[in-house]
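Okay, coords.cif now, which holds mmCIF, C-alpha atoms:
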```cif
data_target
loop_
_atom_site.group_PDB
_atom_site.id
_atom_site.type_symbol
_atom_site.label_atom_id
_atom_site.label_comp_id
_atom_site.auth_asym_id
_atom_site.auth_seq_id
_atom_site.Cartn_x
_atom_site.Cartn_y
_atom_site.Cartn_z
ATOM 1 C CA ASP A 29 64.259 -66.644 -20.373
ATOM 2 C CA ASP A 30 60.840 -65.532 -19.206
ATOM 3 C CA GLN A 31 58.525 -68.396 -18.371
ATOM 4 C CA VAL A 32 55.000 -68.102 -19.695
ATOM 5 C CA ASP A 33 52.132 -69.959 -18.044
ATOM 6 C CA ILE A 34 49.631 -71.231 -20.574
ATOM 7 C CA ASP A 35 46.164 -72.324 -19.556
ATOM 8 C CA ILE A 36 45.194 -75.438 -21.461
ATOM 9 C CA ASP A 37 41.519 -76.400 -21.387
ATOM 10 C CA LEU A 38 41.706 -80.148 -21.705
ATOM 11 C CA THR A 39 38.816 -81.957 -23.329
ATOM 12 C CA MET A 40 37.500 -84.740 -21.114
ATOM 13 C CA LYS A 41 34.872 -87.442 -21.277
ATOM 14 C CA LEU A 42 32.688 -88.021 -18.248
ATOM 15 C CA THR A 43 30.201 -90.791 -17.549
ATOM 16 C CA ILE A 44 27.045 -89.727 -15.730
ATOM 17 C CA VAL A 45 25.206 -92.587 -14.011
ATOM 18 C CA SER A 46 21.628 -92.498 -12.736
ATOM 19 C CA GLY A 47 19.434 -95.066 -11.020
ATOM 20 C CA LYS A 48 20.384 -98.276 -9.255
ATOM 21 C CA GLY A 49 20.306 -101.983 -10.029
ATOM 22 C CA SER A 50 18.354 -102.875 -13.128
ATOM 23 C CA LYS A 51 17.327 -99.226 -13.574
ATOM 24 C CA THR A 52 20.903 -97.992 -13.865
ATOM 25 C CA ARG A 53 21.517 -95.793 -16.886
ATOM 26 C CA SER A 54 24.640 -94.017 -18.057
ATOM 27 C CA ASN A 55 25.409 -91.213 -20.470
ATOM 28 C CA GLU A 56 28.755 -90.012 -21.728
ATOM 29 C CA ILE A 57 29.356 -86.304 -22.226
ATOM 30 C CA GLU A 58 32.331 -84.333 -23.506
ATOM 31 C CA VAL A 59 33.448 -81.336 -21.449
ATOM 32 C CA LYS A 60 36.406 -79.057 -20.756
ATOM 33 C CA SER A 61 38.500 -79.340 -17.620
ATOM 34 C CA ASN A 62 37.715 -75.746 -16.680
ATOM 35 C CA ASN A 63 33.949 -76.189 -17.077
ATOM 36 C CA THR A 64 31.946 -75.413 -13.950
ATOM 37 C CA ILE A 65 29.331 -77.634 -12.352
ATOM 38 C CA SER A 66 26.759 -75.213 -13.760
ATOM 39 C CA ASP A 67 28.109 -75.869 -17.255
ATOM 40 C CA ILE A 68 27.815 -79.624 -16.733
ATOM 41 C CA LYS A 69 24.241 -79.253 -15.494
ATOM 42 C CA GLN A 70 23.374 -77.229 -18.594
ATOM 43 C CA ILE A 71 24.829 -79.890 -20.881
ATOM 44 C CA TYR A 72 23.142 -82.760 -19.044
ATOM 45 C CA SER A 73 19.842 -80.883 -18.800
ATOM 46 C CA LYS A 74 19.661 -80.681 -22.597
ATOM 47 C CA LEU A 75 20.592 -84.334 -22.885
ATOM 48 C CA ILE A 76 17.893 -85.684 -20.530
ATOM 49 C CA LYS A 77 15.409 -82.872 -21.295
ATOM 50 C CA LYS A 78 14.789 -81.970 -17.665
ATOM 51 C CA SER A 79 15.089 -78.663 -15.849
ATOM 52 C CA ILE A 80 18.556 -77.806 -14.608
ATOM 53 C CA HIS A 81 17.035 -77.256 -11.164
ATOM 54 C CA ARG A 82 16.121 -80.947 -10.904
ATOM 55 C CA ILE A 83 19.752 -82.025 -11.302
ATOM 56 C CA SER A 84 21.964 -83.013 -8.372
ATOM 57 C CA PHE A 85 25.429 -84.491 -8.844
ATOM 58 C CA LYS A 86 27.707 -86.527 -6.590
ATOM 59 C CA PHE A 87 31.280 -87.604 -7.196
ATOM 60 C CA GLY A 88 33.062 -90.589 -5.668
ATOM 61 C CA ASP A 89 32.087 -93.949 -4.180
ATOM 62 C CA ASP A 90 28.559 -94.369 -2.846
ATOM 63 C CA ASN A 91 29.784 -94.350 0.758
ATOM 64 C CA ASN A 92 32.208 -91.425 0.367
ATOM 65 C CA ALA A 93 30.559 -89.444 -2.430
ATOM 66 C CA ILE A 94 30.642 -85.667 -2.156
ATOM 67 C CA ARG A 95 27.838 -83.465 -3.368
ATOM 68 C CA LEU A 96 28.787 -81.109 -6.165
ATOM 69 C CA ASN A 97 26.754 -78.288 -4.636
ATOM 70 C CA ASP A 98 28.769 -75.280 -5.716
ATOM 71 C CA ASP A 99 27.727 -74.494 -9.278
ATOM 72 C CA ASN A 100 30.599 -72.023 -9.683
ATOM 73 C CA LYS A 101 33.346 -74.527 -8.935
ATOM 74 C CA THR A 102 35.220 -76.143 -11.824
ATOM 75 C CA LEU A 103 35.660 -79.836 -12.469
ATOM 76 C CA GLU A 104 39.366 -79.410 -11.692
ATOM 77 C CA SER A 105 38.619 -78.022 -8.245
ATOM 78 C CA TYR A 106 36.655 -81.194 -7.451
ATOM 79 C CA ASN A 107 39.521 -83.352 -8.814
ATOM 80 C CA ILE A 108 37.278 -84.663 -11.578
ATOM 81 C CA THR A 109 39.432 -85.921 -14.434
ATOM 82 C CA ASP A 110 39.033 -87.562 -17.821
ATOM 83 C CA GLY A 111 37.076 -90.808 -17.539
ATOM 84 C CA SER A 112 35.535 -89.952 -14.159
ATOM 85 C CA THR A 113 32.030 -91.089 -13.243
ATOM 86 C CA ILE A 114 29.496 -88.693 -11.757
ATOM 87 C CA LEU A 115 26.322 -89.828 -10.018
ATOM 88 C CA PHE A 116 23.073 -88.086 -10.960
ATOM 89 C CA LYS A 117 19.962 -87.753 -8.794
ATOM 90 C CA ASP A 118 16.673 -86.328 -10.029
ATOM 91 C CA LEU A 119 15.408 -83.904 -7.361
ATOM 92 C CA GLY A 120 11.897 -84.104 -8.788
ATOM 93 C CA PRO A 121 9.521 -81.249 -9.667
ATOM 94 C CA GLN A 122 10.758 -77.902 -8.373
ATOM 95 C CA ILE A 123 9.183 -74.568 -7.452
ATOM 96 C CA GLY A 124 10.846 -71.190 -6.948
ATOM 97 C CA TYR A 125 11.725 -70.181 -3.391
ATOM 98 C CA ARG A 126 10.215 -66.747 -3.882
ATOM 99 C CA THR A 127 6.978 -68.285 -5.177
ATOM 100 C CA VAL A 128 6.742 -70.566 -2.127
ATOM 101 C CA PHE A 129 7.236 -67.654 0.268
ATOM 102 C CA LEU A 130 4.594 -65.560 -1.492
ATOM 103 C CA ILE A 131 2.040 -68.372 -1.363
ATOM 104 C CA GLU A 132 2.709 -69.441 2.219
ATOM 105 C CA TYR A 133 2.415 -65.859 3.564
ATOM 106 C CA PHE A 134 -0.645 -65.067 1.465
ATOM 107 C CA GLY A 135 -2.670 -67.867 3.086
ATOM 108 C CA PRO A 136 -2.840 -66.588 6.683
ATOM 109 C CA LEU A 137 -3.454 -63.037 5.433
ATOM 110 C CA LEU A 138 -6.340 -64.237 3.275
ATOM 111 C CA PHE A 139 -7.857 -66.399 6.033
ATOM 112 C CA VAL A 140 -8.029 -63.580 8.578
ATOM 113 C CA LEU A 141 -9.366 -61.048 6.078
ATOM 114 C CA LEU A 142 -12.072 -63.521 5.033
ATOM 115 C CA TYR A 143 -12.969 -64.162 8.679
ATOM 116 C CA ALA A 144 -13.135 -60.380 9.143
ATOM 117 C CA THR A 145 -16.069 -60.229 6.707
ATOM 118 C CA ARG A 146 -17.885 -62.502 9.190
ATOM 119 C CA PRO A 147 -19.545 -64.804 6.655
ATOM 120 C CA SER A 148 -22.930 -66.052 7.810
ATOM 121 C CA PHE A 149 -22.093 -69.730 7.252
ATOM 122 C CA ILE A 150 -19.362 -69.428 9.907
ATOM 123 C CA TYR A 151 -20.616 -66.869 12.457
ATOM 124 C CA GLY A 152 -24.376 -66.699 11.830
ATOM 125 C CA SER A 153 -26.708 -64.500 9.791
ATOM 126 C CA ASP A 154 -26.471 -61.355 11.939
ATOM 127 C CA ALA A 155 -22.718 -61.505 12.687
ATOM 128 C CA ALA A 156 -21.690 -59.047 9.954
ATOM 129 C CA SER A 157 -23.869 -56.289 11.410
ATOM 130 C CA LYS A 158 -22.239 -56.442 14.864
ATOM 131 C CA PRO A 159 -19.404 -54.011 15.667
ATOM 132 C CA PHE A 160 -15.807 -55.159 16.133
ATOM 133 C CA ASN A 161 -14.176 -54.823 19.508
ATOM 134 C CA TRP A 162 -11.322 -52.302 19.092
ATOM 135 C CA VAL A 163 -8.783 -54.851 20.394
ATOM 136 C CA ALA A 164 -9.907 -57.431 17.823
ATOM 137 C CA LEU A 165 -9.715 -54.800 15.086
ATOM 138 C CA THR A 166 -6.208 -53.867 16.229
ATOM 139 C CA GLY A 167 -5.271 -57.538 16.148
ATOM 140 C CA ILE A 168 -6.593 -57.954 12.583
ATOM 141 C CA ILE A 169 -4.684 -54.868 11.400
ATOM 142 C CA SER A 170 -1.479 -56.016 13.146
ATOM 143 C CA TRP A 171 -1.776 -59.521 11.716
ATOM 144 C CA SER A 172 -2.348 -58.122 8.217
ATOM 145 C CA LEU A 173 0.571 -55.691 8.466
ATOM 146 C CA HIS A 174 2.875 -58.530 9.571
ATOM 147 C CA PHE A 175 2.127 -60.671 6.524
ATOM 148 C CA ILE A 176 2.088 -57.709 4.123
ATOM 149 C CA LYS A 177 5.581 -56.970 5.447
ATOM 150 C CA ARG A 178 6.612 -60.566 4.781
ATOM 151 C CA GLU A 179 5.299 -60.367 1.219
ATOM 152 C CA PHE A 180 7.150 -57.068 0.697
ATOM 153 C CA GLU A 181 10.392 -58.594 2.008
ATOM 154 C CA THR A 182 9.987 -61.611 -0.276
ATOM 155 C CA LEU A 183 9.563 -59.403 -3.344
ATOM 156 C CA PHE A 184 12.123 -56.685 -2.641
ATOM 157 C CA ILE A 185 14.537 -57.668 0.148
ATOM 158 C CA HIS A 186 15.242 -61.398 0.359
ATOM 159 C CA LYS A 187 18.052 -62.894 -1.729
ATOM 160 C CA PHE A 188 17.875 -66.660 -2.101
ATOM 161 C CA SER A 189 20.970 -68.840 -2.305
ATOM 162 C CA HIS A 190 19.062 -71.432 -4.366
ATOM 163 C CA PRO A 191 16.448 -70.642 -7.005
ATOM 164 C CA THR A 192 14.135 -73.584 -6.280
ATOM 165 C CA MET A 193 13.038 -76.174 -3.751
ATOM 166 C CA PRO A 194 11.148 -79.484 -4.187
ATOM 167 C CA LEU A 195 7.488 -78.878 -5.014
ATOM 168 C CA SER A 196 6.485 -81.189 -2.142
ATOM 169 C CA ASN A 197 7.839 -78.605 0.330
ATOM 170 C CA LEU A 198 5.126 -76.191 -0.770
ATOM 171 C CA TYR A 199 2.442 -78.266 0.943
ATOM 172 C CA LYS A 200 4.406 -78.589 4.184
ATOM 173 C CA ASN A 201 5.275 -74.899 4.350
ATOM 174 C CA CYS A 202 1.758 -73.754 3.478
ATOM 175 C CA SER A 203 0.138 -76.159 5.947
ATOM 176 C CA TYR A 204 2.103 -74.609 8.823
ATOM 177 C CA TYR A 205 1.157 -71.009 8.044
ATOM 178 C CA TRP A 206 -2.328 -71.554 6.671
ATOM 179 C CA ILE A 207 -3.486 -73.672 9.624
ATOM 180 C CA PHE A 208 -2.292 -70.975 12.037
ATOM 181 C CA GLY A 209 -4.252 -68.414 10.039
ATOM 182 C CA ALA A 210 -7.390 -70.554 10.139
ATOM 183 C CA VAL A 211 -7.117 -71.299 13.871
ATOM 184 C CA ILE A 212 -6.184 -67.786 15.048
ATOM 185 C CA GLY A 213 -8.493 -65.913 12.672
ATOM 186 C CA TYR A 214 -11.684 -67.654 13.818
ATOM 187 C CA PRO A 215 -11.804 -66.437 17.445
ATOM 188 C CA LEU A 216 -10.141 -63.101 16.623
ATOM 189 C CA CYS A 217 -12.909 -62.111 14.192
ATOM 190 C CA SER A 218 -15.787 -63.676 16.098
ATOM 191 C CA PRO A 219 -18.600 -61.379 17.366
ATOM 192 C CA THR A 220 -18.154 -63.091 20.752
ATOM 193 C CA TYR A 221 -14.443 -62.141 20.992
ATOM 194 C CA GLU A 222 -13.453 -61.116 24.516
ATOM 195 C CA PRO A 223 -10.320 -58.954 24.869
ATOM 196 C CA PRO A 224 -7.869 -59.180 27.782
ATOM 197 C CA SER A 225 -9.158 -57.334 30.826
ATOM 198 C CA SER A 226 -5.920 -55.409 31.383
ATOM 199 C CA LEU A 227 -5.264 -52.397 29.136
ATOM 200 C CA ASN A 228 -1.596 -52.497 30.164
ATOM 201 C CA GLN A 229 -1.351 -56.027 28.749
ATOM 202 C CA ILE A 230 -2.821 -54.816 25.443
ATOM 203 C CA TYR A 231 -0.605 -51.725 25.128
ATOM 204 C CA ILE A 232 2.573 -53.543 26.176
ATOM 205 C CA GLY A 233 1.782 -56.351 23.725
ATOM 206 C CA LEU A 234 1.210 -53.826 20.921
ATOM 207 C CA LEU A 235 4.474 -52.034 21.736
ATOM 208 C CA LEU A 236 6.431 -55.306 21.739
ATOM 209 C CA PHE A 237 4.812 -56.232 18.438
ATOM 210 C CA ALA A 238 5.875 -52.933 16.820
ATOM 211 C CA ILE A 239 9.458 -53.209 18.144
ATOM 212 C CA SER A 240 9.703 -56.835 16.971
ATOM 213 C CA GLU A 241 8.393 -56.054 13.495
ATOM 214 C CA ILE A 242 10.806 -53.147 12.987
ATOM 215 C CA GLY A 243 13.700 -55.195 14.382
ATOM 216 C CA ASN A 244 12.817 -58.154 12.175
ATOM 217 C CA LEU A 245 12.684 -55.920 9.082
ATOM 218 C CA LEU A 246 16.089 -54.385 9.878
ATOM 219 C CA VAL A 247 17.634 -57.844 10.377
ATOM 220 C CA HIS A 248 16.280 -59.038 7.032
ATOM 221 C CA ILE A 249 17.694 -55.953 5.310
ATOM 222 C CA GLN A 250 21.074 -56.545 6.940
ATOM 223 C CA LEU A 251 21.094 -60.217 5.892
ATOM 224 C CA SER A 252 20.215 -59.206 2.344
ATOM 225 C CA LEU A 253 23.095 -56.713 2.246
ATOM 226 C CA MET A 254 25.477 -59.430 3.440
ATOM 227 C CA ARG A 255 24.666 -61.652 0.473
ATOM 228 C CA PRO A 256 26.451 -60.282 -2.595
ATOM 229 C CA ALA A 257 23.846 -61.367 -5.142
ATOM 230 C CA GLU A 258 20.807 -63.545 -5.748
ATOM 231 C CA GLY A 259 21.904 -67.172 -5.957
ATOM 232 C CA SER A 260 25.142 -66.595 -4.071
ATOM 233 C CA THR A 261 25.993 -68.859 -1.118
ATOM 234 C CA ARG A 262 28.654 -66.451 0.159
ATOM 235 C CA ARG A 263 28.118 -63.865 2.882
#
```

Here is the file; what I need is its structure written in the form of structure tokens.
Amino acid sequence: DDQVDIDIDLTMKLTIVSGKGSKTRSNEIEVKSNNTISDIKQIYSKLIKKSIHRISFKFGDDNNAIRLNDDNKTLESYNITDGSTILFKDLGPQIGYRTVFLIEYFGPLLFVLLYATRPSFIYGSDAASKPFNWVALTGIISWSLHFIKREFETLFIHKFSHPTMPLSNLYKNCSYYWIFGAVIGYPLCSPTYEPPSSLNQIYIGLLLFAISEIGNLLVHIQLSLMRPAEGSTRR
């Protein structure tokens, strides 16, 4: 007789625990054994009325708990069975990765372009009427092209393995880039800017910049092609 394999989606009850000590809370949900971690997050998100992106699950004892990071894996693949307990952690307010990249790269671009207008409260009343040294102007254009490239890559090339990150990371990431923009832009756009004395140094630096930018763009395209889709962790 031919043997037929039948997939049976068993209904299970899971307990999801959050908090510690006196703040411990638990909720019971009903799921199928072939449900994915993403499915469980969707169910729990509706129950606690929080964004799915704030939800992080662990399974096992506190000391040996494993993170349920792969949203595409099923409960069965994690050996989660009927009556199991899953630990929940609230990741806090989230912001999209793409949004963070756009904001952090926009800052240094904006700073240098604002410096380039030579506002009187920074450089003095007659600063705007003074001509730019050609090296400084080249530096401003190069700086702007670099960050315009980064914005372009963020919008059209990068594929992110996770849709969001903690909102608190926005301030750390922006501080790094924006401070560099503020510090580098001030002397670069100043009427008193003095270029390097060696033309060879300037031309070699500009050539290395162009090669690096093109190489960096090609690497980012290659990395994007290696990731099958947005949100995928596989390469």

Pick from A:Ser203, A:Ser196, A:Ser148, A:Gln70, whichever lies nearest to Tyr133 (chain A) using only C-alpha atoms: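 Among the listed residues, A:Ser203 lies closest to Tyr133 (chain A).
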
May I have the residues within 12 Å of Leu246 (chain A) as a list of chain:residue names, using all atoms listed in the file and disregarding those fewer than 4 positions away in the same chain?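 Neighbouring residues, sequence-local ones excluded: A:Lys177, A:Glu181, A:Ile185, A:His186, A:Ile239, A:Ser240, A:Glu241, A:Ile242, A:Gln250, A:Leu251, A:Ser252, A:Leu253.
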
When distances are computed from all atoms listed in the file, which of A:Asn63, A:Ser50, A:Asn97, A:Ser73 shows the smallest separation from Ser189 (chain A)?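 Using all atoms listed in the file, the shortest distance to Ser189 (chain A) belongs to A:Asn97.
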
With 8 Å added on each side, what axis-aligned box encloses every listed atom of region 88-93 of chain A? Give the centre and edge lengths in Å to one decimal, as AutoDock Vina command-line options.
```
--center_x 30.8 --center_y -91.9 --center_z -2.5 --size_x 20.5 --size_y 20.9 --size_z 22.4
```

Using all atoms listed in the file, find all polymer residues with an atom at most 12 Å away from the point (4.9, -61.7, -7.3); report them as an mmCIF file with C-alpha atoms, keeping the file's coordinate frame.
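part-v7.cif, written as the output of this step:
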```
data_model
loop_
_atom_site.group_PDB
_atom_site.id
_atom_site.type_symbol
_atom_site.label_atom_id
_atom_site.label_comp_id
_atom_site.auth_asym_id
_atom_site.auth_seq_id
_atom_site.Cartn_x
_atom_site.Cartn_y
_atom_site.Cartn_z
ATOM 1 C CA GLY A 124 10.846 -71.190 -6.948
ATOM 2 C CA TYR A 125 11.725 -70.181 -3.391
ATOM 3 C CA ARG A 126 10.215 -66.747 -3.882
ATOM 4 C CA THR A 127 6.978 -68.285 -5.177
ATOM 5 C CA VAL A 128 6.742 -70.566 -2.127
ATOM 6 C CA PHE A 129 7.236 -67.654 0.268
ATOM 7 C CA LEU A 130 4.594 -65.560 -1.492
ATOM 8 C CA ILE A 131 2.040 -68.372 -1.363
ATOM 9 C CA TYR A 133 2.415 -65.859 3.564
ATOM 10 C CA PHE A 134 -0.645 -65.067 1.465
ATOM 11 C CA GLU A 179 5.299 -60.367 1.219
ATOM 12 C CA PHE A 180 7.150 -57.068 0.697
ATOM 13 C CA GLU A 181 10.392 -58.594 2.008
ATOM 14 C CA THR A 182 9.987 -61.611 -0.276
ATOM 15 C CA LEU A 183 9.563 -59.403 -3.344
ATOM 16 C CA PHE A 184 12.123 -56.685 -2.641
#
```

To one decimal place in Å, what is the distance between CA of Lys41 (chain A) and CA of Ile108 (chain A)?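 Distance between the two atoms: 10.4 Å.
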
Would you kindly translate the PyMOL selection byres ((chain A and resi 95) around 9) into the concrete residues it picks from this file, as a PDB file with C-alpha atoms, in the frame of the given file?
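New file expr_37.pdb:
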```
ATOM      1  CA  SER A  84      21.964 -83.013  -8.372  1.00  0.00           C
ATOM      2  CA  PHE A  85      25.429 -84.491  -8.844  1.00  0.00           C
ATOM      3  CA  LYS A  86      27.707 -86.527  -6.590  1.00  0.00           C
ATOM      4  CA  PHE A  87      31.280 -87.604  -7.196  1.00  0.00           C
ATOM      5  CA  ALA A  93      30.559 -89.444  -2.430  1.00  0.00           C
ATOM      6  CA  ILE A  94      30.642 -85.667  -2.156  1.00  0.00           C
ATOM      7  CA  LEU A  96      28.787 -81.109  -6.165  1.00  0.00           C
ATOM      8  CA  ASN A  97      26.754 -78.288  -4.636  1.00  0.00           C
ATOM      9  CA  ASP A  98      28.769 -75.280  -5.716  1.00  0.00           C
TER      10      ASP A  98
END
```

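Separating CA of Phe160 (chain A) from CA of Arg146 (chain A) is a distance of 10.3 Å.
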
Output as CSV one row per residue of region 67-158 of chain A within 9 Å of region 170-174 of chain A: the closest atom pair and its distance in Å to one decimal place, counting only C-alpha atoms, sorted by chain and residue number ascending.
```
residue,atom,partner,partner_atom,distance
A:Pro136,CA,A:Ser172,CA,8.6
A:Leu137,CA,A:Ser172,CA,5.8
A:Leu138,CA,A:Ser172,CA,8.8
A:Val140,CA,A:Ser172,CA,7.9
A:Leu141,CA,A:Ser172,CA,7.9
```

Would you write out, as a ChimeraX atom specification, every residue that the PyMOL selection byres ((chain A and resi 105) around 12) captures in this file? /A:61-65,96,98-104,106-109

Quick one: residues within 10 Å of Val211 (chain A), only C-alpha atoms, excluding same-chain residues fewer than 3 positions away - as a PDB file with C-alpha atoms, in the frame of the given file?
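The result, written out as around-v2.pdb:
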```pdb
ATOM      1  CA  PRO A 136      -2.840 -66.588   6.683  1.00  0.00           C
ATOM      2  CA  PHE A 139      -7.857 -66.399   6.033  1.00  0.00           C
ATOM      3  CA  VAL A 140      -8.029 -63.580   8.578  1.00  0.00           C
ATOM      4  CA  TRP A 206      -2.328 -71.554   6.671  1.00  0.00           C
ATOM      5  CA  ILE A 207      -3.486 -73.672   9.624  1.00  0.00           C
ATOM      6  CA  PHE A 208      -2.292 -70.975  12.037  1.00  0.00           C
ATOM      7  CA  TYR A 214     -11.684 -67.654  13.818  1.00  0.00           C
ATOM      8  CA  PRO A 215     -11.804 -66.437  17.445  1.00  0.00           C
ATOM      9  CA  LEU A 216     -10.141 -63.101  16.623  1.00  0.00           C
TER      10      LEU A 216
END
```

CA of Val45 (chain A) to CA of Leu115 (chain A): how many Å, to one decimal?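 Computing it gives 5.0 Å between the two atoms.
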
I need the output of the PyMOL selection byres ((chain A and resi 155) around 12) for this file as a PyMOL selection string; which residues are they? chain A and resi 143-154+156-160+217-221

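Nearest residue to Glu56 (chain A), choosing from A:Asn228, A:Ser112, A:Asn161, A:Asn91 and counting all atoms listed in the file: A:Ser112.
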